[in-house]
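Novice: entry08.txt is reproduced in full below (compact mmCIF, C-alpha atoms and all ligand atoms).
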```txt
# COMPACT_ATOMS: atom_id res chain seq x y z
CA MET A 5 88.34 147.49 93.74
CA SER A 6 90.13 150.82 94.13
CA LYS A 7 88.33 153.99 93.11
CA PHE A 8 91.57 155.79 92.35
CA LYS A 9 93.63 153.26 90.45
CA SER A 10 92.48 151.99 87.04
CA ASN A 11 91.13 148.47 87.04
CA ILE A 12 92.46 146.48 84.11
CA LEU A 13 91.39 143.09 82.87
CA LEU A 14 94.18 141.12 81.19
CA ILE A 15 92.77 138.50 78.82
CA TYR A 16 95.07 135.75 77.60
CA THR A 17 94.07 133.98 74.37
CA GLY A 18 97.45 132.42 73.52
CA GLY A 19 100.30 133.28 71.14
CA THR A 20 104.08 133.24 71.36
CA ILE A 21 104.09 135.51 74.40
CA GLY A 22 103.07 132.63 76.64
CA MET A 23 104.64 129.75 74.72
CA VAL A 24 107.37 127.34 75.78
CA LYS A 25 109.69 125.13 73.75
CA ASP A 26 108.86 121.43 73.77
CA ALA A 27 111.89 119.77 75.39
CA ASP A 28 111.93 116.91 72.84
CA THR A 29 111.00 118.55 69.54
CA GLY A 30 111.98 122.20 70.06
CA VAL A 31 108.55 123.24 68.70
CA LEU A 32 106.85 126.29 70.33
CA LYS A 33 103.56 125.38 72.04
CA SER A 34 101.01 127.37 74.02
CA PHE A 35 101.53 127.16 77.75
CA ASP A 36 99.38 128.11 80.69
CA PHE A 37 98.78 131.63 81.90
CA GLU A 38 100.21 131.16 85.37
CA ASN A 39 103.60 130.56 83.82
CA LEU A 40 103.31 133.84 81.98
CA LEU A 41 102.56 135.83 85.11
CA VAL A 42 105.42 134.22 87.03
CA ASN A 43 107.75 135.58 84.37
CA ILE A 44 106.65 139.20 84.82
CA PRO A 45 106.96 140.14 88.49
CA GLU A 46 107.07 143.78 87.25
CA LEU A 47 103.27 143.68 86.86
CA LYS A 48 103.01 144.09 90.61
CA LEU A 49 104.81 147.43 90.38
CA LEU A 50 102.24 148.98 88.04
CA ASP A 51 99.97 151.66 89.44
CA CYS A 52 96.73 149.85 88.61
CA ASN A 53 94.74 146.81 89.69
CA ILE A 54 95.10 143.90 87.31
CA ASP A 55 92.73 140.96 87.11
CA THR A 56 93.41 138.12 84.73
CA LEU A 57 91.34 135.75 82.67
CA SER A 58 92.58 133.09 80.29
CA PHE A 59 91.13 130.98 77.47
CA LYS A 60 90.73 127.47 78.90
CA LYS A 61 92.96 126.20 76.15
CA PRO A 62 95.23 129.00 74.86
CA ILE A 63 95.71 128.88 71.09
CA ASP A 64 98.26 129.77 68.49
CA SER A 65 96.50 132.60 66.69
CA SER A 66 96.69 130.72 63.38
CA ASP A 67 93.82 128.68 64.85
CA MET A 68 91.81 131.87 65.40
CA HIS A 69 88.17 131.63 64.33
CA PRO A 70 85.00 133.77 64.55
CA LYS A 71 83.83 131.56 67.45
CA TYR A 72 86.79 132.87 69.47
CA TRP A 73 86.06 136.45 68.39
CA ILE A 74 82.62 136.02 69.93
CA GLN A 75 84.23 134.56 73.05
CA ILE A 76 86.52 137.61 73.44
CA ALA A 77 83.56 139.97 72.83
CA GLU A 78 81.56 138.15 75.51
CA ILE A 79 84.40 138.35 78.04
CA ILE A 80 84.53 142.12 77.46
CA GLU A 81 80.74 142.44 77.59
CA ASN A 82 80.49 140.53 80.87
CA ASN A 83 83.25 142.61 82.46
CA TYR A 84 82.64 145.97 80.79
CA ASP A 85 81.24 147.78 83.82
CA LYS A 86 83.79 146.34 86.26
CA PHE A 87 86.94 147.47 84.46
CA ASP A 88 88.35 150.71 83.08
CA GLY A 89 90.37 149.05 80.36
CA PHE A 90 91.20 145.70 78.75
CA VAL A 91 94.47 144.23 77.46
CA VAL A 92 94.16 141.21 75.19
CA LEU A 93 97.21 138.97 74.76
CA HIS A 94 97.02 137.37 71.34
CA GLY A 95 99.36 135.75 68.83
CA SER A 96 100.68 138.25 66.34
CA ASP A 97 99.86 136.18 63.23
CA THR A 98 96.15 137.04 63.16
CA MET A 99 96.11 139.87 65.70
CA SER A 100 95.12 142.44 63.08
CA TYR A 101 92.13 140.32 62.01
CA THR A 102 90.87 139.77 65.56
CA SER A 103 91.38 143.33 66.75
CA SER A 104 89.81 144.73 63.56
CA VAL A 105 86.66 142.62 63.79
CA LEU A 106 86.33 143.40 67.51
CA SER A 107 86.29 147.11 66.65
CA PHE A 108 83.09 146.47 64.67
CA MET A 109 81.54 144.06 67.16
CA LEU A 110 81.94 146.51 70.05
CA GLU A 111 79.74 149.47 69.16
CA ASN A 112 79.92 152.76 71.13
CA LEU A 113 82.99 151.57 72.98
CA ALA A 114 84.09 154.12 75.60
CA LYS A 115 87.05 152.22 77.09
CA PRO A 116 90.43 151.04 75.78
CA ILE A 117 90.85 147.52 74.42
CA ILE A 118 94.54 147.01 73.70
CA PHE A 119 95.78 143.96 71.83
CA THR A 120 99.38 142.94 72.21
CA GLY A 121 101.68 139.94 72.04
CA SER A 122 105.31 139.33 71.19
CA GLN A 123 107.73 137.85 68.71
CA LEU A 124 109.69 135.98 71.41
CA PRO A 125 108.20 134.10 74.38
CA ILE A 126 108.15 135.89 77.71
CA GLY A 127 110.70 133.45 79.17
CA ASP A 128 113.27 134.23 76.46
CA LEU A 129 116.19 136.36 77.57
CA ARG A 130 115.78 138.76 74.63
CA THR A 131 112.01 138.85 74.78
CA ASP A 132 109.98 141.81 73.50
CA ALA A 133 107.02 140.60 75.58
CA LYS A 134 107.67 142.55 78.75
CA GLU A 135 107.75 146.01 77.18
CA ASN A 136 104.74 145.23 75.01
CA LEU A 137 102.70 143.98 77.94
CA ILE A 138 103.72 146.57 80.53
CA THR A 139 103.22 149.55 78.20
CA SER A 140 99.88 148.17 76.97
CA ILE A 141 98.65 148.02 80.55
CA GLN A 142 99.91 151.54 81.21
CA LEU A 143 98.18 152.85 78.09
CA ALA A 144 94.94 151.12 79.05
CA SER A 145 95.17 152.74 82.51
CA ILE A 146 95.48 156.36 81.37
CA GLN A 147 92.58 158.46 82.59
CA SER A 148 91.59 162.09 82.45
CA HIS A 149 88.92 163.45 84.83
CA GLY A 150 88.19 159.90 85.92
CA LYS A 151 87.49 158.67 82.36
CA PRO A 152 89.67 156.57 80.04
CA VAL A 153 91.58 158.64 77.48
CA ILE A 154 91.63 155.88 74.86
CA LYS A 155 88.18 154.78 73.74
CA GLU A 156 88.79 152.35 70.92
CA VAL A 157 90.32 149.02 69.96
CA CYS A 158 94.09 149.43 69.58
CA LEU A 159 97.14 147.30 68.90
CA TYR A 160 100.40 147.94 70.74
CA PHE A 161 103.66 146.49 69.48
CA GLU A 162 107.30 147.57 69.69
CA TYR A 163 106.89 151.08 71.10
CA LYS A 164 103.87 152.04 68.99
CA LEU A 165 100.16 152.18 69.62
CA TYR A 166 98.02 151.85 66.51
CA ARG A 167 94.32 151.97 65.72
CA ALA A 168 93.77 148.21 65.45
CA ASN A 169 91.60 148.26 62.35
CA ARG A 170 94.35 150.12 60.45
CA THR A 171 97.07 147.53 61.09
CA THR A 172 98.68 144.73 59.13
CA LYS A 173 101.35 142.28 60.18
CA ILE A 174 104.27 143.15 57.92
CA ASN A 175 107.17 141.16 59.36
CA ALA A 176 107.57 137.66 60.78
CA GLU A 177 111.05 138.36 62.09
CA HIS A 178 111.43 141.96 63.24
CA PHE A 179 110.21 143.10 66.63
CA GLN A 180 108.44 145.84 64.71
CA ALA A 181 105.95 143.37 63.25
CA PHE A 182 103.05 145.71 62.47
CA ALA A 183 102.40 148.79 60.39
CA SER A 184 99.56 151.23 60.00
CA LEU A 185 100.27 152.76 56.63
CA ASN A 186 97.07 154.73 56.14
CA TYR A 187 96.66 156.19 59.63
CA PRO A 188 99.10 157.86 62.05
CA ASP A 189 100.28 156.16 65.24
CA LEU A 190 98.05 156.86 68.25
CA ALA A 191 100.93 156.86 70.72
CA GLU A 192 104.64 156.29 70.94
CA SER A 193 106.61 154.92 73.85
CA GLY A 194 109.99 156.54 74.39
CA VAL A 195 111.31 158.09 77.56
CA HIS A 196 107.75 159.41 77.86
CA LEU A 197 104.50 157.93 76.67
CA LYS A 198 103.45 160.36 73.95
CA ILE A 199 99.75 160.20 73.09
CA ASN A 200 98.72 161.77 69.80
CA LYS A 201 95.37 162.95 71.12
CA ASP A 202 94.23 164.46 67.81
CA TYR A 203 94.25 161.02 66.21
CA LEU A 204 92.35 159.15 68.92
CA TYR A 205 88.85 157.99 68.03
CA LYS A 206 86.17 160.17 69.55
CA PRO A 207 83.04 158.09 70.01
CA ASN A 208 79.70 159.48 71.06
CA THR A 209 79.92 158.43 74.70
CA LYS A 210 76.24 159.17 75.28
CA LYS A 211 75.29 156.14 73.21
CA THR A 212 74.94 152.79 74.94
CA PHE A 213 77.69 150.20 74.55
CA LYS A 214 76.45 147.35 72.38
CA VAL A 215 78.04 144.01 71.51
CA HIS A 216 77.27 142.43 68.13
CA LYS A 217 77.83 138.69 67.97
CA GLU A 218 76.33 137.78 64.61
CA LEU A 219 79.13 137.19 62.12
CA ASP A 220 78.50 135.77 58.65
CA LYS A 221 81.39 133.73 57.23
CA ASN A 222 79.89 133.25 53.75
CA ILE A 223 82.50 135.38 52.05
CA VAL A 224 85.53 134.85 49.85
CA LEU A 225 88.76 136.79 49.41
CA ILE A 226 90.11 136.84 45.86
CA LYS A 227 93.58 138.21 45.22
CA LEU A 228 93.99 139.09 41.56
CA PHE A 229 97.09 138.05 39.67
CA PRO A 230 97.97 138.40 36.01
CA GLY A 231 96.55 135.31 34.30
CA ILE A 232 93.74 134.52 36.74
CA SER A 233 91.48 132.29 34.66
CA LYS A 234 87.81 132.32 33.82
CA THR A 235 87.48 128.80 35.27
CA VAL A 236 88.92 129.90 38.60
CA MET A 237 86.67 132.97 38.76
CA GLU A 238 83.57 130.98 37.74
CA SER A 239 84.15 128.30 40.36
CA LEU A 240 84.64 130.89 43.08
CA MET A 241 81.41 132.65 42.10
CA ALA A 242 79.58 129.32 42.24
CA ILE A 243 80.37 128.74 45.96
CA PRO A 244 77.06 127.79 47.63
CA ASN A 245 75.56 130.49 49.90
CA LEU A 246 78.20 133.04 48.90
CA LYS A 247 77.09 136.48 50.10
CA ALA A 248 80.07 138.72 49.40
CA ILE A 249 83.47 138.88 47.76
CA ILE A 250 86.50 140.93 48.69
CA LEU A 251 88.46 141.53 45.52
CA GLU A 252 92.09 142.46 46.15
CA THR A 253 92.88 144.47 43.07
CA TYR A 254 96.03 146.16 41.77
CA GLY A 255 97.18 149.64 42.78
CA ALA A 256 94.37 152.17 43.08
CA GLY A 257 91.71 149.48 42.60
CA ASN A 258 92.47 148.32 39.07
CA CYS A 259 91.78 145.00 37.32
CA THR A 260 91.93 143.43 33.90
CA THR A 261 89.63 145.00 31.29
CA GLU A 262 88.84 141.58 29.75
CA LYS A 263 85.11 141.35 29.06
CA TRP A 264 84.60 137.89 30.63
CA PHE A 265 85.99 139.13 33.93
CA ILE A 266 83.66 142.12 34.22
CA ASN A 267 80.69 140.03 33.05
CA ILE A 268 81.27 137.41 35.76
CA LEU A 269 81.34 140.12 38.44
CA LYS A 270 78.27 141.83 36.96
CA GLU A 271 76.32 138.59 37.04
CA SER A 272 77.23 138.00 40.70
CA ILE A 273 76.12 141.51 41.65
CA SER A 274 72.80 140.93 39.88
CA LYS A 275 72.36 137.82 42.08
CA GLY A 276 72.73 140.03 45.18
CA ILE A 277 76.37 139.20 45.97
CA HIS A 278 78.27 142.23 47.31
CA ILE A 279 81.71 142.84 45.78
CA ILE A 280 84.21 144.99 47.63
CA ASN A 281 87.26 146.47 45.97
CA VAL A 282 90.34 146.55 48.21
CA THR A 283 93.88 147.27 47.03
CA GLN A 284 96.70 144.72 47.23
CA CYS A 285 99.04 147.58 48.15
CA SER A 286 99.82 147.96 51.85
CA GLY A 287 99.29 151.72 51.67
CA GLY A 288 97.09 154.04 49.61
CA SER A 289 93.51 153.90 48.49
CA VAL A 290 91.14 152.47 45.90
CA MET A 291 89.96 155.19 43.51
CA MET A 292 87.49 153.57 41.16
CA GLY A 293 87.15 155.47 37.89
CA HIS A 294 90.62 157.00 38.14
CA TYR A 295 91.91 154.60 35.47
CA GLU A 296 90.04 152.90 32.64
CA THR A 297 90.94 149.61 34.37
CA SER A 298 88.71 150.40 37.33
CA ASP A 299 85.96 152.38 35.64
CA ASN A 300 84.04 149.22 34.71
CA LEU A 301 84.03 148.11 38.34
CA LYS A 302 82.49 151.41 39.34
CA LYS A 303 79.86 151.19 36.60
CA ILE A 304 78.64 147.72 37.63
CA GLY A 305 78.22 148.75 41.29
CA VAL A 306 81.33 147.36 42.97
CA ILE A 307 81.73 148.75 46.50
CA SER A 308 84.86 150.82 47.19
CA GLY A 309 86.95 149.68 50.15
CA LYS A 310 88.85 152.98 49.86
CA ASP A 311 91.96 152.73 52.09
CA ILE A 312 90.74 149.90 54.33
CA THR A 313 93.11 147.02 55.12
CA THR A 314 92.14 143.54 53.95
CA GLU A 315 91.97 142.44 57.60
CA ALA A 316 89.49 145.19 58.48
CA ALA A 317 87.57 144.63 55.23
CA ILE A 318 86.96 141.02 56.26
CA GLY A 319 85.85 141.95 59.78
CA LYS A 320 83.58 144.74 58.57
CA LEU A 321 82.02 142.43 55.99
CA MET A 322 81.31 139.56 58.42
CA TYR A 323 79.87 142.06 60.89
CA MET A 324 77.69 143.89 58.35
CA LEU A 325 76.39 140.67 56.78
CA GLY A 326 75.29 139.64 60.27
CA GLN A 327 73.23 142.83 60.59
CA ASN A 328 70.59 142.09 57.92
CA ILE A 329 71.21 145.36 56.13
CA THR A 330 69.16 145.82 52.96
CA SER A 331 70.99 145.41 49.66
CA LYS A 332 70.34 149.07 48.87
CA ALA A 333 71.86 150.40 52.09
CA PHE A 334 74.78 147.96 52.13
CA LYS A 335 77.00 149.85 49.66
CA THR A 336 76.48 153.24 51.34
CA MET A 337 77.17 151.79 54.78
CA TYR A 338 80.23 149.80 53.70
CA GLU A 339 81.72 152.88 52.02
CA ALA A 340 81.27 154.90 55.23
CA SER A 341 83.74 154.81 58.11
CA LEU A 342 82.06 152.98 61.00
CA ARG A 343 84.97 152.83 63.49
CA GLY A 344 87.67 154.96 61.90
CA GLU A 345 88.74 152.07 59.64
CA MET A 346 88.79 154.17 56.47
CA SER A 347 89.55 157.79 55.61
N1 LIG B 1 102.27 131.80 65.73
C1 LIG B 1 102.17 132.76 66.80
C2 LIG B 1 100.72 133.17 66.93
O1 LIG B 1 100.23 133.93 66.17
C3 LIG B 1 103.04 133.94 66.52
C4 LIG B 1 103.00 135.03 67.57
O2 LIG B 1 102.39 134.93 68.60
O3 LIG B 1 103.67 136.04 67.33
O4 LIG B 1 100.07 132.69 67.84
```
Using structure tokens, write down the structure that the file contains.

Specialist:
Amino acid sequence: MSKFKSNILLIYTGGTIGMVKDADTGVLKSFDFENLLVNIPELKLLDCNIDTLSFKKPIDSSDMHPKYWIQIAEIIENNYDKFDGFVVLHGSDTMSYTSSVLSFMLENLAKPIIFTGSQLPIGDLRTDAKENLITSIQLASIQSHGKPVIKEVCLYFEYKLYRANRTTKINAEHFQAFASLNYPDLAESGVHLKINKDYLYKPNTKKTFKVHKELDKNIVLIKLFPGISKTVMESLMAIPNLKAIILETYGAGNCTTEKWFINILKESISKGIHIINVTQCSGGSVMMGHYETSDNLKKIGVISGKDITTEAAIGKLMYMLGQNITSKAFKTMYEASLRGEMS
């Protein structure tokens, strides 16, 4: 491989970008990777070496699962020393979940991992796939003094590069499908590629790269709504082997002040179940104790998710539960930013 050009590994997991329409039903289905490459002859014009690797059976990202997260992490681990950067093609539906959890699984990352995909298949005349893919590869190739400039897991979509664990899919129709409401864009693609260097993650590059593959799925996500009943809450708390709950609360982390509700949560905490408070709002932060309606949560020891996205909260939780962290340390660690996922 060239010493001067960046070496990029393009990993194809599936998603609309490589899909084709079934001739009989008109339904979009995953297609093979070769087809995708045939549709982008421009890749040959890029000033970097590109190697490719595909999931044996590409998937629609709605079928994404922790077993595939481990597969992606292993591909990166096995190729980490050989490449300067990685671009992961992934369906947009669960791209924020996958890229967020990967940011936790890949500790002391010193190279770019850029997730991208598209809203229209690469073969479509009006496709957004080409720009997304080509710019992602260019971003992953940027070096300074022979070292990658970007050293974190990112998501690139429709002219913007985001920190992956700050993103949420906000639109199923627009080309601008993602937003990062609590953290500025890392780069913007216009006539020039403008990197906002001040916002890039600055890892301690002296530490050894480590891949964590233990993910614990014994969690539940509860979105509060006015009228949520005691029966519903009690049955959720009674889930066998439940280790943690992400509670999507209102506004700045608020919930009903009804006694039964707080008592149910208190009882779960006393059984060793971690409860994390995350806001239902797309932007802003949990501030427990700011209102009377969140003060009780603070008092019983609920963990603050601060301004984390629900997608990152899930990834961080599965990752941390897999680390055998003591109950005492869990709250302090969860409330700390591990990969720039919270302010
Ligand atoms: N359903 C597709 C997926 O997530 C949508 C996309 O790729 O944008 O795989």

Novice: So that I can check the surroundings of range 76-92 of chain A, please list as a PyMOL selection string every protein, DNA and RNA residue that reaches within 9 Å of it, counting only C-alpha atoms and ignoring chain neighbours fewer than 3 positions away.

Specialist: chain A and resi 5+10-17+57+71-73+106+109-110+115-121+137+140-141+143-147+151-152+154+213-217

Novice: May I ask you to write as a ChimeraX atom specification all residues lying at most 7 Å from ligand LIG 1 (chain B), with only C-alpha atoms and all ligand atoms counted?

Specialist: /A:18-21,63-66,94-98,121-123

Novice: Could you pull the residues within 10 Å of Glu345 in chain A, counting only C-alpha atoms, minus those fewer than 2 positions along the same chain, as number ranges by chain?

Specialist: A: 104, 107-108, 167-171, 186-187, 309-313, 316-317, 320, 340-343, 347

Novice: How far is it from CA of Asn222 in chain A to CA of Thr336 in chain A, in Å with one decimal?

Specialist: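 Value for the CA of Asn222 in chain A-CA of Thr336 in chain A distance: 20.4 Å.
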
Novice: Given the choices A:Gln142, A:Asn258, A:Asn328, A:Gln180, which gets closest to Glu296 in chain A if the distance is worked out from all atoms listed in the file?

Specialist: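 Using all atoms listed in the file, the shortest distance to Glu296 in chain A belongs to A:Asn258.
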
Novice: Check the smallest atom-to-atom distance from each of A:Asp28, A:Asp189, A:Glu262, A:Glu339 to Val306 in chain A using only C-alpha atoms, then report the winner.

Specialist: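 Of A:Asp28, A:Asp189, A:Glu262, A:Glu339, the one nearest Val306 in chain A is A:Glu339, counting only C-alpha atoms.
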
Novice: Measuring atom to atom with only C-alpha atoms, identify which of A:Ile277, A:Pro45, A:Val236, A:Ser308 is nearest to Thr253 in chain A.

Specialist: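 Of A:Ile277, A:Pro45, A:Val236, A:Ser308, the one nearest Thr253 in chain A is A:Ser308, counting only C-alpha atoms.
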
Novice: What is the CA of Met99 in chain A-CA of Glu315 in chain A distance in Å, reported with one decimal?

Specialist: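 Separation of CA of Met99 in chain A and CA of Glu315 in chain A: 9.5 Å.
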
Novice: Pick from A:Glu111, A:Glu135, A:Asp299, A:Glu271: nearest to Pro207 in chain A, with all atoms listed in the file counted?

Specialist: A:Glu111

Novice: Between A:Asp202, A:His294, A:Asn208, A:Ser331, single out the one closest to Ala248 in chain A, counting all atoms listed in the file.

Specialist: A:Ser331

Novice: Grab all the atoms of range 229-244 of chain A that the file lists, wrap them in a box along x, y and z, add 4 Å per side, and give me centre plus edge lengths in Å (one decimal) as AutoDock Vina command-line options.

Specialist:
```
--center_x 87.5 --center_y 133.1 --center_z 40.7 --size_x 28.9 --size_y 18.6 --size_z 21.8
```

Novice: Between CA of His278 in chain A and CA of Tyr323 in chain A, what is the spacing in Å?

Specialist: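 Straight-line distance from CA of Tyr323 in chain A to CA of His278 in chain A works out to 13.7 Å.
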